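Structure file final_3.pdb (PDB, C-alpha atoms) follows.
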```
ATOM      1  CA  GLU Z 215     -61.002-211.370 -21.139
ATOM      2  CA  HIS Z 216     -58.695-208.513 -20.229
ATOM      3  CA  PRO Z 217     -59.051-205.160 -21.990
ATOM      4  CA  ARG Z 218     -56.915-204.450 -25.039
ATOM      5  CA  LEU Z 219     -55.697-201.128 -26.367
ATOM      6  CA  THR Z 220     -53.589-200.500 -29.415
ATOM      7  CA  TYR Z 221     -50.697-198.111 -28.877
ATOM      8  CA  ARG Z 222     -52.450-195.459 -30.980
ATOM      9  CA  GLU Z 223     -55.649-195.839 -28.921
ATOM     10  CA  ALA Z 224     -53.641-195.549 -25.712
ATOM     11  CA  LEU Z 225     -51.843-192.458 -27.008
ATOM     12  CA  ALA Z 226     -55.152-190.808 -27.934
ATOM     13  CA  GLN Z 227     -56.597-191.526 -24.489
ATOM     14  CA  LEU Z 228     -53.532-190.164 -22.713
ATOM     15  CA  ASN Z 229     -53.600-186.988 -24.795
ATOM     16  CA  ARG Z 230     -57.301-186.550 -23.999
ATOM     17  CA  CYS Z 231     -56.276-186.666 -20.330
ATOM     18  CA  GLY Z 232     -53.852-183.779 -20.774
ATOM     19  CA  TRP Z 233     -50.703-185.513 -21.909
ATOM     20  CA  SER Z 234     -48.864-184.435 -25.050
ATOM     21  CA  LEU Z 235     -47.197-187.555 -26.402
ATOM     22  CA  PRO Z 236     -46.195-188.001 -30.044
ATOM     23  CA  PHE Z 237     -46.266-191.330 -31.853
ATOM     24  CA  GLY Z 238     -43.100-193.257 -31.012
ATOM     25  CA  GLU Z 239     -42.879-192.088 -27.417
ATOM     26  CA  ASP Z 240     -42.133-194.874 -24.945
ATOM     27  CA  LEU Z 241     -44.858-194.905 -22.265
ATOM     28  CA  HIS Z 242     -43.341-194.531 -18.809
ATOM     29  CA  ARG Z 243     -44.778-195.670 -15.488
ATOM     30  CA  ASP Z 244     -47.066-192.658 -14.938
ATOM     31  CA  ALA Z 245     -48.578-193.109 -18.390
ATOM     32  CA  GLU Z 246     -49.112-196.824 -17.718
ATOM     33  CA  ALA Z 247     -50.803-195.973 -14.404
ATOM     34  CA  CYS Z 248     -53.130-193.521 -16.172
ATOM     35  CA  LEU Z 249     -54.118-196.176 -18.702
ATOM     36  CA  SER Z 250     -54.598-198.713 -15.927
ATOM     37  CA  ARG Z 251     -57.104-196.396 -14.238
ATOM     38  CA  TYR Z 252     -58.827-195.851 -17.590
ATOM     39  CA  VAL Z 253     -59.493-199.584 -18.061
ATOM     40  CA  GLY Z 254     -60.682-200.048 -14.470
ATOM     41  CA  ASP Z 255     -57.487-200.944 -12.586
ATOM     42  CA  VAL Z 256     -57.270-204.405 -14.112
ATOM     43  CA  PRO Z 257     -54.512-206.050 -16.159
ATOM     44  CA  PHE Z 258     -54.653-205.002 -19.811
ATOM     45  CA  PHE Z 259     -52.815-205.618 -23.062
ATOM     46  CA  LEU Z 260     -51.143-202.897 -25.105
ATOM     47  CA  THR Z 261     -50.711-203.960 -28.733
ATOM     48  CA  HIS Z 262     -49.236-202.755 -32.027
ATOM     49  CA  LEU Z 263     -46.414-200.704 -30.558
ATOM     50  CA  PRO Z 264     -44.082-198.536 -32.694
ATOM     51  CA  ALA Z 265     -41.524-200.639 -34.546
ATOM     52  CA  GLU Z 266     -38.731-198.277 -33.481
ATOM     53  CA  LEU Z 267     -39.339-199.190 -29.830
ATOM     54  CA  LYS Z 268     -39.100-202.929 -30.397
ATOM     55  CA  PRO Z 269     -36.403-205.422 -31.499
ATOM     56  CA  PHE Z 270     -35.520-205.784 -35.158
ATOM     57  CA  ASN Z 271     -36.836-209.354 -35.324
ATOM     58  CA  LEU Z 272     -40.486-208.427 -34.797
ATOM     59  CA  ARG Z 273     -42.803-208.501 -37.793
ATOM     60  CA  ARG Z 274     -44.069-205.167 -39.046
ATOM     61  CA  ASP Z 275     -47.814-204.629 -39.237
ATOM     62  CA  PRO Z 276     -48.788-205.041 -42.933
ATOM     63  CA  ALA Z 277     -51.494-202.384 -42.458
ATOM     64  CA  ASP Z 278     -49.091-199.888 -40.852
ATOM     65  CA  PRO Z 279     -45.326-200.509 -41.189
ATOM     66  CA  ASP Z 280     -44.596-197.883 -38.516
ATOM     67  CA  GLN Z 281     -45.867-200.334 -35.928
ATOM     68  CA  CYS Z 282     -45.190-204.012 -35.310
ATOM     69  CA  LEU Z 283     -47.191-207.072 -34.250
ATOM     70  CA  SER Z 284     -46.258-206.714 -30.600
ATOM     71  CA  VAL Z 285     -47.945-206.870 -27.206
ATOM     72  CA  GLU Z 286     -47.245-205.782 -23.647
ATOM     73  CA  CYS Z 287     -49.148-206.850 -20.538
ATOM     74  CA  ILE Z 288     -49.547-203.987 -18.051
ATOM     75  CA  LEU Z 289     -50.442-204.892 -14.476
ATOM     76  CA  PRO Z 290     -51.904-202.378 -11.992
ATOM     77  CA  TRP Z 291     -49.176-200.730  -9.846
ATOM     78  CA  ALA Z 292     -46.563-203.204 -11.151
ATOM     79  CA  GLY Z 293     -46.466-201.856 -14.716
ATOM     80  CA  GLU Z 294     -45.190-203.639 -17.818
ATOM     81  CA  THR Z 295     -44.717-207.290 -16.871
ATOM     82  CA  MET Z 296     -44.707-209.131 -20.184
ATOM     83  CA  ASP Z 297     -43.771-208.171 -23.706
ATOM     84  CA  GLY Z 298     -43.803-210.245 -26.835
ATOM     85  CA  GLY Z 299     -44.863-210.427 -30.420
ATOM     86  CA  VAL Z 300     -44.916-212.199 -33.740
ATOM     87  CA  ARG Z 301     -41.400-212.656 -35.104
ATOM     88  CA  GLU Z 302     -40.429-211.773 -38.647
ATOM     89  CA  PRO Z 303     -40.162-215.116 -40.504
ATOM     90  CA  ASP Z 304     -37.902-213.968 -43.363
ATOM     91  CA  PRO Z 305     -34.160-213.753 -42.459
ATOM     92  CA  ALA Z 306     -33.539-211.275 -45.298
ATOM     93  CA  VAL Z 307     -36.187-208.916 -43.942
ATOM     94  CA  MET Z 308     -34.751-209.279 -40.434
ATOM     95  CA  GLN Z 309     -31.340-208.285 -41.809
ATOM     96  CA  GLN Z 310     -32.845-205.159 -43.392
ATOM     97  CA  GLN Z 311     -34.659-204.236 -40.201
ATOM     98  CA  LEU Z 312     -31.506-204.801 -38.157
ATOM     99  CA  GLU Z 313     -29.409-202.488 -40.317
ATOM    100  CA  ALA Z 314     -32.124-199.805 -40.179
ATOM    101  CA  SER Z 315     -32.553-199.999 -36.399
ATOM    102  CA  GLU Z 316     -31.318-197.292 -34.061
ATOM    103  CA  HIS Z 317     -30.160-199.925 -31.568
ATOM    104  CA  TYR Z 318     -27.803-201.502 -34.111
ATOM    105  CA  ARG Z 319     -26.347-198.142 -35.121
ATOM    106  CA  ARG Z 320     -25.836-197.289 -31.462
ATOM    107  CA  LEU Z 321     -23.978-200.556 -30.846
ATOM    108  CA  LEU Z 322     -21.636-199.861 -33.764
ATOM    109  CA  ALA Z 323     -21.026-196.333 -32.467
ATOM    110  CA  GLN Z 324     -20.316-197.648 -28.982
ATOM    111  CA  ALA Z 325     -17.800-200.083 -30.443
ATOM    112  CA  GLY Z 326     -15.845-197.120 -31.749
ATOM    113  CA  THR Z 327     -16.141-195.198 -28.475
ATOM    114  CA  PHE Z 328     -14.942-198.189 -26.492
ATOM    115  CA  ALA Z 329     -11.988-198.621 -28.838
ATOM    116  CA  ALA Z 330     -10.961-194.977 -28.378
ATOM    117  CA  THR Z 331     -11.176-195.333 -24.591
ATOM    118  CA  LEU Z 332      -9.176-198.552 -24.602
ATOM    119  CA  ALA Z 333      -6.508-197.123 -26.912
ATOM    120  CA  ALA Z 334      -6.040-194.144 -24.581
ATOM    121  CA  ALA Z 335      -5.594-196.293 -21.473
ATOM    122  CA  PRO Z 336      -2.053-196.374 -20.000
ATOM    123  CA  THR Z 337      -2.002-200.171 -20.085
ATOM    124  CA  ARG Z 338      -3.616-200.494 -23.501
ATOM    125  CA  GLN Z 339      -3.029-203.576 -25.600
ATOM    126  CA  GLY Z 340      -4.125-204.352 -29.120
ATOM    127  CA  GLY Z 341      -3.046-201.481 -31.349
ATOM    128  CA  LYS Z 342      -4.416-198.196 -32.631
ATOM    129  CA  SER Z 343      -7.902-196.865 -31.978
ATOM    130  CA  ALA Z 344      -9.015-197.216 -35.615
ATOM    131  CA  ASP Z 345      -7.923-200.863 -35.727
ATOM    132  CA  LEU Z 346      -9.656-201.613 -32.430
ATOM    133  CA  ALA Z 347     -12.848-199.919 -33.615
ATOM    134  CA  LYS Z 348     -12.821-201.957 -36.827
ATOM    135  CA  ARG Z 349     -12.418-205.215 -34.884
ATOM    136  CA  ASN Z 350     -15.107-204.242 -32.375
ATOM    137  CA  ARG Z 351     -17.616-203.394 -35.105
ATOM    138  CA  ALA Z 352     -16.809-206.668 -36.864
ATOM    139  CA  ALA Z 353     -17.524-208.510 -33.602
ATOM    140  CA  VAL Z 354     -20.916-206.808 -33.312
ATOM    141  CA  ARG Z 355     -21.786-207.783 -36.890
ATOM    142  CA  ARG Z 356     -20.666-211.399 -36.310
ATOM    143  CA  ALA Z 357     -22.855-211.676 -33.211
ATOM    144  CA  PHE Z 358     -25.982-210.736 -35.151
ATOM    145  CA  ALA Z 359     -24.888-212.794 -38.174
ATOM    146  CA  ARG Z 360     -24.749-215.931 -36.011
ATOM    147  CA  TYR Z 361     -28.317-215.273 -34.884
ATOM    148  CA  LEU Z 362     -29.571-214.735 -38.435
ATOM    149  CA  ASP Z 363     -27.593-217.647 -39.880
ATOM    150  CA  GLY Z 364     -29.438-219.969 -37.516
ATOM    151  CA  PHE Z 365     -32.586-219.547 -39.582
ATOM    152  CA  GLY Z 366     -30.983-220.516 -42.875
ATOM    153  CA  ALA Z 367     -32.866-219.393 -45.963
ATOM    154  CA  THR Z 368     -36.238-220.875 -44.974
ATOM    155  CA  PRO Z 369     -38.822-218.564 -43.370
ATOM    156  CA  LEU Z 370     -39.856-219.725 -39.902
ATOM    157  CA  GLU Z 371     -43.214-218.703 -38.458
ATOM    158  CA  ARG Z 372     -42.884-218.163 -34.712
ATOM    159  CA  ALA Z 373     -43.728-215.912 -31.777
ATOM    160  CA  GLY Z 374     -42.447-215.410 -28.265
ATOM    161  CA  PHE Z 375     -42.580-213.322 -25.122
ATOM    162  CA  GLY Z 376     -40.552-212.310 -22.096
ATOM    163  CA  LEU Z 377     -41.943-212.330 -18.553
ATOM    164  CA  GLY Z 378     -40.729-210.145 -15.699
ATOM    165  CA  VAL Z 379     -41.135-212.581 -12.808
ATOM    166  CA  ALA Z 380     -40.319-209.983 -10.154
ATOM    167  CA  ARG Z 381     -43.035-207.628 -11.418
ATOM    168  CA  LEU Z 382     -45.519-210.501 -11.581
ATOM    169  CA  LEU Z 383     -44.731-211.362  -7.958
ATOM    170  CA  GLN Z 384     -45.092-207.698  -7.012
ATOM    171  CA  TYR Z 385     -48.594-207.675  -8.504
ATOM    172  CA  VAL Z 386     -49.696-211.036  -7.079
ATOM    173  CA  GLN Z 387     -48.506-210.128  -3.587
ATOM    174  CA  GLY Z 388     -49.772-206.553  -3.717
ATOM    175  CA  LEU Z 389     -46.343-205.082  -2.984
ATOM    176  CA  ASP Z 390     -45.615-201.373  -3.271
ATOM    177  CA  SER Z 391     -42.091-201.866  -4.627
ATOM    178  CA  ILE Z 392     -40.470-204.412  -6.901
ATOM    179  CA  LYS Z 393     -37.556-204.487  -4.453
ATOM    180  CA  ASP Z 394     -39.791-206.387  -2.026
ATOM    181  CA  ALA Z 395     -40.371-209.131  -4.613
ATOM    182  CA  VAL Z 396     -36.735-210.222  -5.039
ATOM    183  CA  VAL Z 397     -34.196-211.758  -2.662
ATOM    184  CA  ASN Z 398     -31.342-209.414  -3.615
ATOM    185  CA  PRO Z 399     -32.940-206.215  -4.936
ATOM    186  CA  THR Z 400     -30.930-204.210  -7.455
ATOM    187  CA  ASP Z 401     -31.531-200.518  -7.979
ATOM    188  CA  ARG Z 402     -29.564-197.802  -9.756
ATOM    189  CA  THR Z 403     -27.351-197.168  -6.738
ATOM    190  CA  THR Z 404     -26.304-200.769  -6.112
ATOM    191  CA  PHE Z 405     -26.066-201.654  -9.815
ATOM    192  CA  LEU Z 406     -23.886-198.706 -10.788
ATOM    193  CA  ALA Z 407     -21.732-199.190  -7.675
ATOM    194  CA  ALA Z 408     -21.132-202.780  -8.779
ATOM    195  CA  GLY Z 409     -19.854-201.638 -12.175
ATOM    196  CA  GLY Z 410     -23.054-201.351 -14.242
ATOM    197  CA  ASN Z 411     -22.957-199.020 -17.206
ATOM    198  CA  THR Z 412     -26.172-197.002 -17.419
ATOM    199  CA  ASP Z 413     -29.437-196.223 -15.701
ATOM    200  CA  GLU Z 414     -31.216-198.211 -18.449
ATOM    201  CA  ASP Z 415     -29.127-201.267 -17.554
ATOM    202  CA  ALA Z 416     -29.988-200.750 -13.897
ATOM    203  CA  GLU Z 417     -33.710-200.672 -14.692
ATOM    204  CA  ALA Z 418     -33.410-203.885 -16.713
ATOM    205  CA  ALA Z 419     -31.462-205.596 -13.934
ATOM    206  CA  ALA Z 420     -34.096-204.629 -11.374
ATOM    207  CA  ASP Z 421     -36.887-206.184 -13.445
ATOM    208  CA  GLY Z 422     -35.390-209.683 -13.305
ATOM    209  CA  GLY Z 423     -36.943-210.867 -16.568
ATOM    210  CA  VAL Z 424     -37.330-214.475 -17.655
ATOM    211  CA  GLY Z 425     -37.956-215.310 -21.317
ATOM    212  CA  ALA Z 426     -40.387-217.846 -22.683
ATOM    213  CA  GLY Z 427     -41.362-218.937 -26.171
ATOM    214  CA  ILE Z 428     -39.207-219.017 -29.282
ATOM    215  CA  ALA Z 429     -37.015-216.017 -30.063
TER     216      ALA Z 429
END
```
Go ahead and render the structure in this file as structure tokens.
Amino acid sequence: EHPRLTYREALAQLNRCGWSLPFGEDLHRDAEACLSRYVGDVPFFLTHLPAELKPFNLRRDPADPDQCLSVECILPWAGETMDGGVREPDPAVMQQQLEASEHYRRLLAQAGTFAATLAAAPTRQGGKSADLAKRNRAAVRRAFARYLDGFGATPLERAGFGLGVARLLQYVQGLDSIKDAVVNPTDRTTFLAAGGNTDEDAEAAADGGVGAGIA
């Protein structure tokens, strides 16, 4: 059985090693490598991560609502390769968690920013910035509403996970870089040159994730 650490246990261990990480901090690659050495350079599971770092549809921990029933599998030198968790079964609770999430608020804000950019373009079509922003925000809300409507009013117990196949191959083959595990490697330079939006998007594209389970 592989070692398991809760997020709070991992944070305490990192801070004992000289780090200074507050609760809610996303653990980057160097932190994962430090934890990997701590458990003996073997794959390990990181559980009960902060709710603010995870999607709105994950169930909160009844014993500590600041964290959720989530898990990540960290592989030596490859890093986070799988993440998953227990999904919130109640659609009404999911709706509340969605509206309280930073990700949702950021999407709504980006809808307004995009509308302002589009309205200022020389070849703009579709009306004034305020009207475009209103339509864009409505589209964001409809997208999440379709997801939530799929559950109806009946709670559905479920769980799921996502697997980064490229990182798994990197670990299995003992490769130094994830770029060596994919046919057409994508990094920040190639992704942004091809029209990608942000460094975060570039990182996600490089991981090449494949989902499994029930969302």
Checklist entry - Applied to this file, what does the PyMOL selection byres ((chain Z and resi 355-363) around 12) return in terms of residues, put as a PyMOL selection string? => result chain Z and resi 270-271+302-313+318-319+321-322+325+348-354+364-370+429
Item to check | Residue nearest Ala292 (chain Z) among Z:Arg218, Z:Arg230, Z:Lys268, Z:Arg243 (counting all atoms listed in the file) | outcome: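 Nearest candidate to Ala292 (chain Z) out of Z:Arg218, Z:Arg230, Z:Lys268, Z:Arg243: Z:Arg243.
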Next on the checklist: Please compute the CA of Tyr385 (chain Z)-CA of Cys248 (chain Z) distance, one decimal, in Å.
Outcome noted: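 Going from CA of Tyr385 (chain Z) over to CA of Cys248 (chain Z) covers 16.7 Å.
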Checklist entry - Hey, what's within 9 Å of Val285 (chain Z) if we count all atoms listed in the file and toss same-chain stuff fewer than 4 positions away? As a ChimeraX atom specification, please? => result /Z:220,259-263,296-300,375
Checklist entry - Where does the PyMOL selection byres ((chain Z and resi 392) around 9) land in this file, that is, which residues does it pick, as a PyMOL selection string? => result chain Z and resi 292+380-381+383-385+389-391+393-396+399+420-421
Set up a box along x, y and z of the file covering all listed atoms of region 236-247 of chain Z, add 6 Å on every one of the six sides, and write the centre and edge lengths in Å to one decimal, as JSON.
```
{"center_x": -46.5, "center_y": -192.4, "center_z": -23.1, "size_x": 20.7, "size_y": 20.8, "size_z": 29.4}
```
Checklist entry - If we count all atoms listed in the file, what is near Leu249 (chain Z) at a cut-off of 8 Å, once residues fewer than 4 positions away on the same chain are taken out, given as a PyMOL selection string? => result chain Z and resi 224+227-228+245+253
Would you save the residues of that selection, restricted to C-alpha atoms, as a PDB file, in the frame of the given file?
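Saved as out31.pdb:
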```pdb
ATOM      1  CA  ALA Z 224     -53.641-195.549 -25.712  1.00  0.00           C
ATOM      2  CA  GLN Z 227     -56.597-191.526 -24.489  1.00  0.00           C
ATOM      3  CA  LEU Z 228     -53.532-190.164 -22.713  1.00  0.00           C
ATOM      4  CA  ALA Z 245     -48.578-193.109 -18.390  1.00  0.00           C
ATOM      5  CA  VAL Z 253     -59.493-199.584 -18.061  1.00  0.00           C
TER       6      VAL Z 253
END
```
Checklist entry - Which is closest to Arg251 (chain Z) among Z:Val386, Z:Leu289, Z:Thr295, Z:Thr331, if we use only C-alpha atoms? => result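 Of all the options, Z:Leu289 lies closest to Arg251 (chain Z).
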